[in-house]
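So the structure is just underneath, and the comments pick up after that.
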Amino acid sequence: MGKTIAEKIFDAHRVDLPFPDTHVLKLDAVFCHEITTPIAITDLQARGKDRVFDPAKIKAVIDHVTPAKDSKTAEQGKILREWSRKHEIKDFFDIGRNGVCHAIFPEKGFARPGYTIIMGDSHTCTHGAFGAFAAGVGTTDLEVGILKGVCAFHFPKTIKIVLNGKLKSGVFAKDAILFVIKELTVNGATNMVMEFTGPIVDEMSMESRMTLCNMAIEAGGTCGVCYPDITTVDYLWKYIKDEFKSKEEALKEYSKWVSDEDAVYEKVYEYDLSNLEPMVTFGYKPDQVKPVSEMTGTRIDQVYIGSCTNGRIEDLRVAAKVLKGKKISNFVRAIVSPATPEIYTLALKEGIIEIFQEAGFCVTNPTCGACLGMSNGVLANGEACASTTNRNFNGRMGKGGMVHLMSPASAAASAIEGKIVNSELFE
Amino acid sequence: MKTFSGKVLFLDRSDINTDEIIPAKYLTEITKEALKPYLLEDLSLEGFDPKKDIEGKAVVVTRANFGCGSSREHAPWALEVNNINAVIAENFARIFRQNMYNCGMFAIELPKDTIDYLFNNYKGKEVSIDIDVDRDKIIVKADGKYEEINFKVGEFDKTLIKEGGWVDYADKNY
Ligand code: SF4
């Protein structure tokens with residue numbers, strides 16, 4: 001009987017099976033940010049266990065609220081900063097070099113095929129795009145990860161999601177994943193690994209695969225995962241070129257982390273997305289999804305382009321293509337937050353930042369910011385935002401605010417119209 | 001080990017997410033106690049008033065997929081500092097469920113029929129629940145009567161409940 005990629009990763013990392021269905025795995029990386037890690041650090045200190053299992057395998061960033069907006073967020077940054085220095089965590093990204101965790105860590109080559117990764121953040125599932133098992137955890141699991149480099153999981157049941165056909169122009173990974181979440185519901189993949197495969201995924205860039213895997217958690221998934229292929233190797237090449245003689249050799253090695261043909265799945269879903277239209281959410285749950293065409297004309301007050309879902313260079317390029325030479329409506333305000341300094345720099349070089357500014361966007365530094373309603377674009381009561389983020393929960397972007405999730409193309413087009421519209425440019 | 005008995009708070013909705021349990025803006029707090037006043041502040045549930053309805057409750061009974069959304073362990077903590085150490089539901093989001101056991105708290109899953117039964121028979125009444133950890137039973141008390149309902153919990157989860165959490169266990173064993 002064949003194995004899924006998640007089963008192969010579990011087999012290669014299991015250090016103990018202390019109870020039935022309790023798999024303690026060795027971790028290849030523990031990622032940290034300043035919202036959930038400081039409380040883990042202070043707890044470890046209080047227990048007299050202020051140690052780290054391996055400073056080279058711990059990566060830390062200040063990203064959620066940066067630069068700090070008040071004394072409390074300054075304190076959180078300070079705890080993470082001082083801890084990183086004390087334990088000589090060299091991959092610590094502070095203000096000026098920091099970006100959204102699930103964008104900057106892959107960009108630095110920290111997510112690799114076959115890896116086990118945890119982080120105190122639910123969207124850690126993003127890193128599965130590289131053929132890794134990457135899962136969000138709470139503070140206690142994070143503490144144990146930091147201290148011992150292990151984490152316990154139940155055996156990963158896997159569902160396979162095959163995306164057939166070819167996406168139309170103007171339809172993106174974001175539209176595909178919104179559609180999948182609508183089909184599965186917010187509880188449809190709970191406790192399961194979501195394996196994304198099929199011709200559409202094969203064609204996708206790493207950025208798009210990350211968008212896909214990023215939202216696995218919105219269907220309840222433990223991790224999203226894509227098979228490593230030559231696209232993965234190309235993306236990682238600058239970091240792995242000393243490990244392998246050639247790209248072919250790297251590809252051969254990484255092919256270990258692909259599910260067997262006869263692997264057993266909990267369920268297989270096949271969708272032909274050739275006729276998929278741009279999608280958008282309409283309620284407070286990420287499975288409340290409709291085609292944008294059915295929401296045309298819906299009032300918005302703000303547009304937000306950024307986050308770990310859609311703040312990458314590919315996303316900014318798409319939005320800039322829509323915005324070029326146009327102005328945003330007088331009835332909206334618009335914010336773009338390139339997800340990392342590298343993305344920001346590229347966007348500057350390519351003239352994308354200029355297009356955003358000429359259109360009337362506010363360009364902010366890389367940060368999570370408005371995505372979780374803590375800074376840089378919090379909504380007022382009763383306001384609505386067209387957003388490229390991943391969560392539309394009640395109050396997410398500010399108390400009493402409504403978030404409509406959509407692709408960067410749809411968000412940019414909606415900024416110009418001042419209400420929700422389909423992006424004509426790509427049709 | 002924590003205590004698992006007292007009055008029941010019925011939350012008659014599925015998919016209650018972590019932003020509803022404790023909004024993100026309170027994640028800058030660095031003590032658990034500070035979360036106390038904000039539990040379920042943003043819950044959209046008709047007739048629910050967090051200011052009145054939480055006080056004095058010790059067990060939550062709810063529907064499916066409780067705790068979906070973010071990984072914040074602040075969600076179990078916000079319950080814990082309000083003396084709620086057990087949630088009973090049809091099922092839970094994975095991270096939330098693990099966080100509960102990692103904190104030595106109960107996240108008990110019961111079949112849909114049983115959850116429906118609890119809502120149909122007890123919602124709106126003065127009900128209390130005791131969880132008998134050794135016998136894997138929930139004892140529901142109302143109107144001077146009581147009944148017992150069996151539940152299942154894995155060995156790992158039970159060990160965490162009894163040993164008071166995962167940090168000490170892992171530090172000892174790995
Ligand atoms: S961008 Fe939003 S979803 Fe992503 S890590 Fe930051 S707060 Fe979380």
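By order in the structure tokens, chains are A, B, ...; within a chain, residues start at 1; ligands start at 1, following the order shown.
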
Subject >> 8 Å contacts from chain B to chain A using only C-alpha atoms, as an MDAnalysis selection string >> reply: chainID B and resid 15 17 19:20 23:25 27:31 42 44 65 68:73 93:96 98:99 102:103 154:156 166:167 170:171 174

Restricted to N, CA and C atoms, what would the selected residues look like written as a short mmCIF file (atom, residue, chain, number, x, y, z; two decimals), in the first residue's frame?
```cif
data_model
loop_
_atom_site.label_atom_id
_atom_site.label_comp_id
_atom_site.auth_asym_id
_atom_site.auth_seq_id
_atom_site.Cartn_x
_atom_site.Cartn_y
_atom_site.Cartn_z
N ASP B 15 -19.30 26.54 14.27
CA ASP B 15 -18.24 27.38 13.69
C ASP B 15 -17.92 28.63 14.50
N ASN B 17 -15.60 30.92 16.06
CA ASN B 17 -14.16 30.99 15.77
C ASN B 17 -13.39 31.67 16.89
N ASP B 19 -11.56 34.31 16.82
CA ASP B 19 -11.71 35.77 16.90
C ASP B 19 -12.95 36.13 17.73
N GLU B 20 -13.96 35.27 17.68
CA GLU B 20 -15.15 35.52 18.50
C GLU B 20 -14.88 35.19 19.97
N PRO B 23 -11.01 38.43 20.65
CA PRO B 23 -10.59 39.21 19.47
C PRO B 23 -9.08 39.50 19.44
N ALA B 24 -8.55 39.60 18.23
CA ALA B 24 -7.11 39.77 18.04
C ALA B 24 -6.54 40.97 18.78
N LYS B 25 -7.36 42.00 18.94
CA LYS B 25 -6.78 43.20 19.55
C LYS B 25 -6.32 42.98 20.99
N LEU B 27 -4.59 40.35 21.88
CA LEU B 27 -3.44 39.45 21.87
C LEU B 27 -2.16 40.15 22.31
N THR B 28 -2.25 41.45 22.53
CA THR B 28 -1.07 42.16 23.03
C THR B 28 -0.95 42.04 24.54
N GLU B 29 -1.97 41.49 25.18
CA GLU B 29 -1.88 41.30 26.62
C GLU B 29 -0.83 40.23 26.91
N ILE B 30 -0.06 40.42 27.99
CA ILE B 30 0.93 39.38 28.26
C ILE B 30 0.65 38.62 29.56
N THR B 31 -0.53 38.81 30.12
CA THR B 31 -0.94 37.90 31.20
C THR B 31 -2.29 37.31 30.82
N ASP B 42 -16.98 39.25 20.85
CA ASP B 42 -17.48 39.46 19.48
C ASP B 42 -18.34 38.30 18.97
N SER B 44 -21.23 36.42 17.55
CA SER B 44 -22.54 36.77 16.99
C SER B 44 -23.51 35.62 17.26
N ASN B 65 -17.39 22.28 15.21
CA ASN B 65 -16.24 23.08 14.76
C ASN B 65 -15.94 24.27 15.67
N CYS B 68 -12.59 27.27 15.54
CA CYS B 68 -11.90 27.34 14.25
C CYS B 68 -11.23 28.71 14.09
N GLY B 69 -10.30 28.79 13.16
CA GLY B 69 -9.62 30.06 12.93
C GLY B 69 -8.19 30.03 13.41
N SER B 70 -7.83 30.98 14.22
CA SER B 70 -6.41 31.19 14.51
C SER B 70 -5.90 30.18 15.54
N SER B 71 -4.57 30.19 15.71
CA SER B 71 -3.93 29.22 16.59
C SER B 71 -3.86 29.72 18.03
N ARG B 72 -4.36 30.91 18.27
CA ARG B 72 -4.13 31.56 19.57
C ARG B 72 -4.57 30.71 20.76
N GLU B 73 -3.61 30.44 21.64
CA GLU B 73 -3.94 29.70 22.86
C GLU B 73 -4.66 30.63 23.84
N ALA B 93 -12.01 22.47 16.07
CA ALA B 93 -10.88 22.72 15.18
C ALA B 93 -9.64 22.10 15.82
N ARG B 94 -8.76 21.56 14.99
CA ARG B 94 -7.62 20.79 15.51
C ARG B 94 -6.76 21.56 16.50
N ILE B 95 -6.35 22.79 16.12
CA ILE B 95 -5.39 23.51 16.97
C ILE B 95 -6.04 23.85 18.31
N PHE B 96 -7.29 24.32 18.26
CA PHE B 96 -7.98 24.66 19.49
C PHE B 96 -8.06 23.45 20.43
N GLN B 98 -6.20 20.75 20.55
CA GLN B 98 -4.90 20.40 21.12
C GLN B 98 -4.49 21.41 22.20
N ASN B 99 -4.76 22.69 21.94
CA ASN B 99 -4.43 23.72 22.93
C ASN B 99 -5.15 23.45 24.25
N ASN B 102 -3.41 20.58 25.92
CA ASN B 102 -2.07 21.02 26.31
C ASN B 102 -2.11 21.87 27.57
N CYS B 103 -3.25 22.54 27.81
CA CYS B 103 -3.42 23.35 29.02
C CYS B 103 -4.07 22.54 30.14
N GLY B 154 -8.72 10.14 24.22
CA GLY B 154 -7.50 9.36 23.96
C GLY B 154 -6.59 9.34 25.18
N GLU B 155 -5.70 8.36 25.19
CA GLU B 155 -4.78 8.22 26.33
C GLU B 155 -3.86 9.42 26.49
N PHE B 156 -3.42 9.93 25.33
CA PHE B 156 -2.52 11.08 25.36
C PHE B 156 -3.23 12.27 26.00
N TRP B 166 1.64 19.61 28.60
CA TRP B 166 2.57 19.00 27.67
C TRP B 166 4.02 19.42 27.90
N VAL B 167 4.23 20.62 28.45
CA VAL B 167 5.61 21.11 28.56
C VAL B 167 6.44 20.21 29.48
N ALA B 170 6.93 16.65 27.98
CA ALA B 170 7.91 16.57 26.88
C ALA B 170 9.33 16.79 27.39
N ASP B 171 9.47 17.71 28.32
CA ASP B 171 10.82 18.00 28.82
C ASP B 171 11.39 16.77 29.53
N TYR B 174 11.73 13.79 26.26
CA TYR B 174 12.45 13.93 24.97
C TYR B 174 13.74 14.72 25.12
#
```

**OP:** Report as a list in words which protein, DNA and RNA residues come within 7 Å of ligand 1, using only C-alpha atoms and all ligand atoms.
**Re:**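 Checking only C-alpha atoms and all ligand atoms against ligand 1 at 7 Å gives His64, Val100, Cys101, His102, Asp121, His123, Ser307, Cys308, Thr309, Cys368, Cys371, Leu372, Thr389 and Asn390 of chain A.
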
**OP:** Would you please extract all strand (DSSP E or B) residues from region 8-160 of chain B, as assigned by DSSP on the backbone, and give them as a PyMOL selection string?
**Re:** chain B and resi 8-11+17+57-62+66+68+86-89+92+106-109+128-132+137-142+145-150

Next, write the just-selected residues to a file, as a tab-separated table (two decimals), in the first residue's frame, keeping N, CA and C atoms as the atom set.
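So the final result, stored in out-v5.tsv, reads:
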```tsv
chain	number	residue	atom	x	y	z
B	8	VAL	N	-23.72	25.30	33.24
B	8	VAL	CA	-23.47	25.18	31.80
B	8	VAL	C	-23.85	26.44	31.04
B	9	LEU	N	-22.98	26.83	30.14
B	9	LEU	CA	-23.28	27.90	29.20
B	9	LEU	C	-23.56	27.25	27.84
B	10	PHE	N	-24.77	27.39	27.35
B	10	PHE	CA	-25.12	26.83	26.04
B	10	PHE	C	-24.84	27.86	24.95
B	11	LEU	N	-24.06	27.49	23.96
B	11	LEU	CA	-23.82	28.38	22.81
B	11	LEU	C	-24.34	27.66	21.57
B	17	ASN	N	-15.60	30.92	16.06
B	17	ASN	CA	-14.16	30.99	15.77
B	17	ASN	C	-13.39	31.67	16.89
B	57	LYS	N	-20.47	30.41	35.09
B	57	LYS	CA	-20.53	29.20	34.28
B	57	LYS	C	-19.18	28.45	34.33
B	58	ALA	N	-19.24	27.14	34.19
B	58	ALA	CA	-17.99	26.36	34.27
B	58	ALA	C	-17.78	25.43	33.08
B	59	VAL	N	-18.87	25.16	32.34
B	59	VAL	CA	-18.77	24.23	31.21
B	59	VAL	C	-19.52	24.84	30.03
B	60	VAL	N	-18.94	24.78	28.84
B	60	VAL	CA	-19.63	25.25	27.64
B	60	VAL	C	-20.15	24.04	26.87
B	61	VAL	N	-21.39	24.12	26.42
B	61	VAL	CA	-21.92	23.10	25.49
B	61	VAL	C	-22.25	23.83	24.20
B	62	THR	N	-21.71	23.34	23.09
B	62	THR	CA	-21.91	24.03	21.83
B	62	THR	C	-22.04	23.03	20.68
B	66	PHE	N	-16.08	24.06	16.97
B	66	PHE	CA	-15.79	25.15	17.91
B	66	PHE	C	-14.28	25.45	17.88
B	68	CYS	N	-12.59	27.27	15.54
B	68	CYS	CA	-11.90	27.34	14.25
B	68	CYS	C	-11.23	28.71	14.09
B	86	ALA	N	-13.88	23.27	30.59
B	86	ALA	CA	-14.34	22.19	29.72
B	86	ALA	C	-15.31	22.73	28.67
B	87	VAL	N	-15.15	22.26	27.44
B	87	VAL	CA	-16.09	22.57	26.37
B	87	VAL	C	-16.55	21.23	25.79
B	88	ILE	N	-17.84	21.12	25.58
B	88	ILE	CA	-18.41	19.90	25.01
B	88	ILE	C	-19.04	20.27	23.68
B	89	ALA	N	-18.66	19.58	22.61
B	89	ALA	CA	-19.15	19.93	21.27
B	89	ALA	C	-19.18	18.70	20.38
B	92	PHE	N	-14.19	19.80	17.19
B	92	PHE	CA	-13.41	21.01	17.40
B	92	PHE	C	-12.44	21.23	16.25
B	106	PHE	N	-10.47	20.17	29.20
B	106	PHE	CA	-11.23	19.21	28.40
B	106	PHE	C	-11.87	19.82	27.16
B	107	ALA	N	-11.71	19.17	26.03
B	107	ALA	CA	-12.49	19.46	24.82
B	107	ALA	C	-13.12	18.12	24.45
B	108	ILE	N	-14.35	17.91	24.89
B	108	ILE	CA	-15.00	16.61	24.74
B	108	ILE	C	-15.91	16.58	23.52
B	109	GLU	N	-15.70	15.54	22.70
B	109	GLU	CA	-16.53	15.40	21.51
B	109	GLU	C	-17.62	14.36	21.76
B	128	SER	N	-26.26	21.89	35.48
B	128	SER	CA	-24.83	21.80	35.74
B	128	SER	C	-24.30	20.46	35.25
B	129	ILE	N	-23.01	20.45	34.97
B	129	ILE	CA	-22.35	19.24	34.46
B	129	ILE	C	-21.11	18.97	35.31
B	130	ASP	N	-20.97	17.71	35.71
B	130	ASP	CA	-19.72	17.27	36.34
B	130	ASP	C	-19.04	16.30	35.39
B	131	ILE	N	-17.74	16.46	35.22
B	131	ILE	CA	-17.03	15.50	34.39
B	131	ILE	C	-16.23	14.56	35.29
B	132	ASP	N	-16.54	13.28	35.17
B	132	ASP	CA	-15.85	12.28	35.98
B	132	ASP	C	-14.67	11.74	35.16
B	137	LYS	N	-17.21	9.81	32.20
B	137	LYS	CA	-18.64	10.11	32.16
B	137	LYS	C	-18.91	11.58	32.43
B	138	ILE	N	-19.94	12.06	31.73
B	138	ILE	CA	-20.43	13.41	31.98
B	138	ILE	C	-21.72	13.24	32.78
B	139	ILE	N	-21.82	13.92	33.92
B	139	ILE	CA	-23.03	13.80	34.72
B	139	ILE	C	-23.80	15.13	34.60
B	140	VAL	N	-24.98	15.03	34.02
B	140	VAL	CA	-25.78	16.24	33.77
B	140	VAL	C	-26.85	16.33	34.86
B	141	LYS	N	-26.90	17.48	35.53
B	141	LYS	CA	-27.86	17.64	36.62
B	141	LYS	C	-28.79	18.81	36.35
B	142	ALA	N	-30.10	18.55	36.48
B	142	ALA	CA	-31.09	19.62	36.34
B	142	ALA	C	-32.37	19.18	37.03
B	145	LYS	N	-32.70	16.15	39.21
B	145	LYS	CA	-32.42	14.81	38.66
B	145	LYS	C	-31.03	14.81	38.01
B	146	TYR	N	-30.54	13.63	37.71
B	146	TYR	CA	-29.29	13.60	36.96
B	146	TYR	C	-29.25	12.43	35.98
B	147	GLU	N	-28.40	12.57	34.97
B	147	GLU	CA	-28.18	11.44	34.05
B	147	GLU	C	-26.70	11.42	33.66
B	148	GLU	N	-26.26	10.23	33.24
B	148	GLU	CA	-24.84	10.09	32.88
B	148	GLU	C	-24.69	9.83	31.39
B	149	ILE	N	-23.69	10.46	30.82
B	149	ILE	CA	-23.40	10.26	29.39
B	149	ILE	C	-21.93	9.85	29.27
B	150	ASN	N	-21.68	8.80	28.52
B	150	ASN	CA	-20.28	8.36	28.34
B	150	ASN	C	-19.57	9.23	27.31
```

Original post:
Looking only at the backbone, which of the residues in region 242-387 of chain A does DSSP tag as alpha helix (DSSP H), as a VMD selection string?
Top reply: chain A and resid 247 to 254 307 to 310 313 to 323 341 to 349 352 to 359
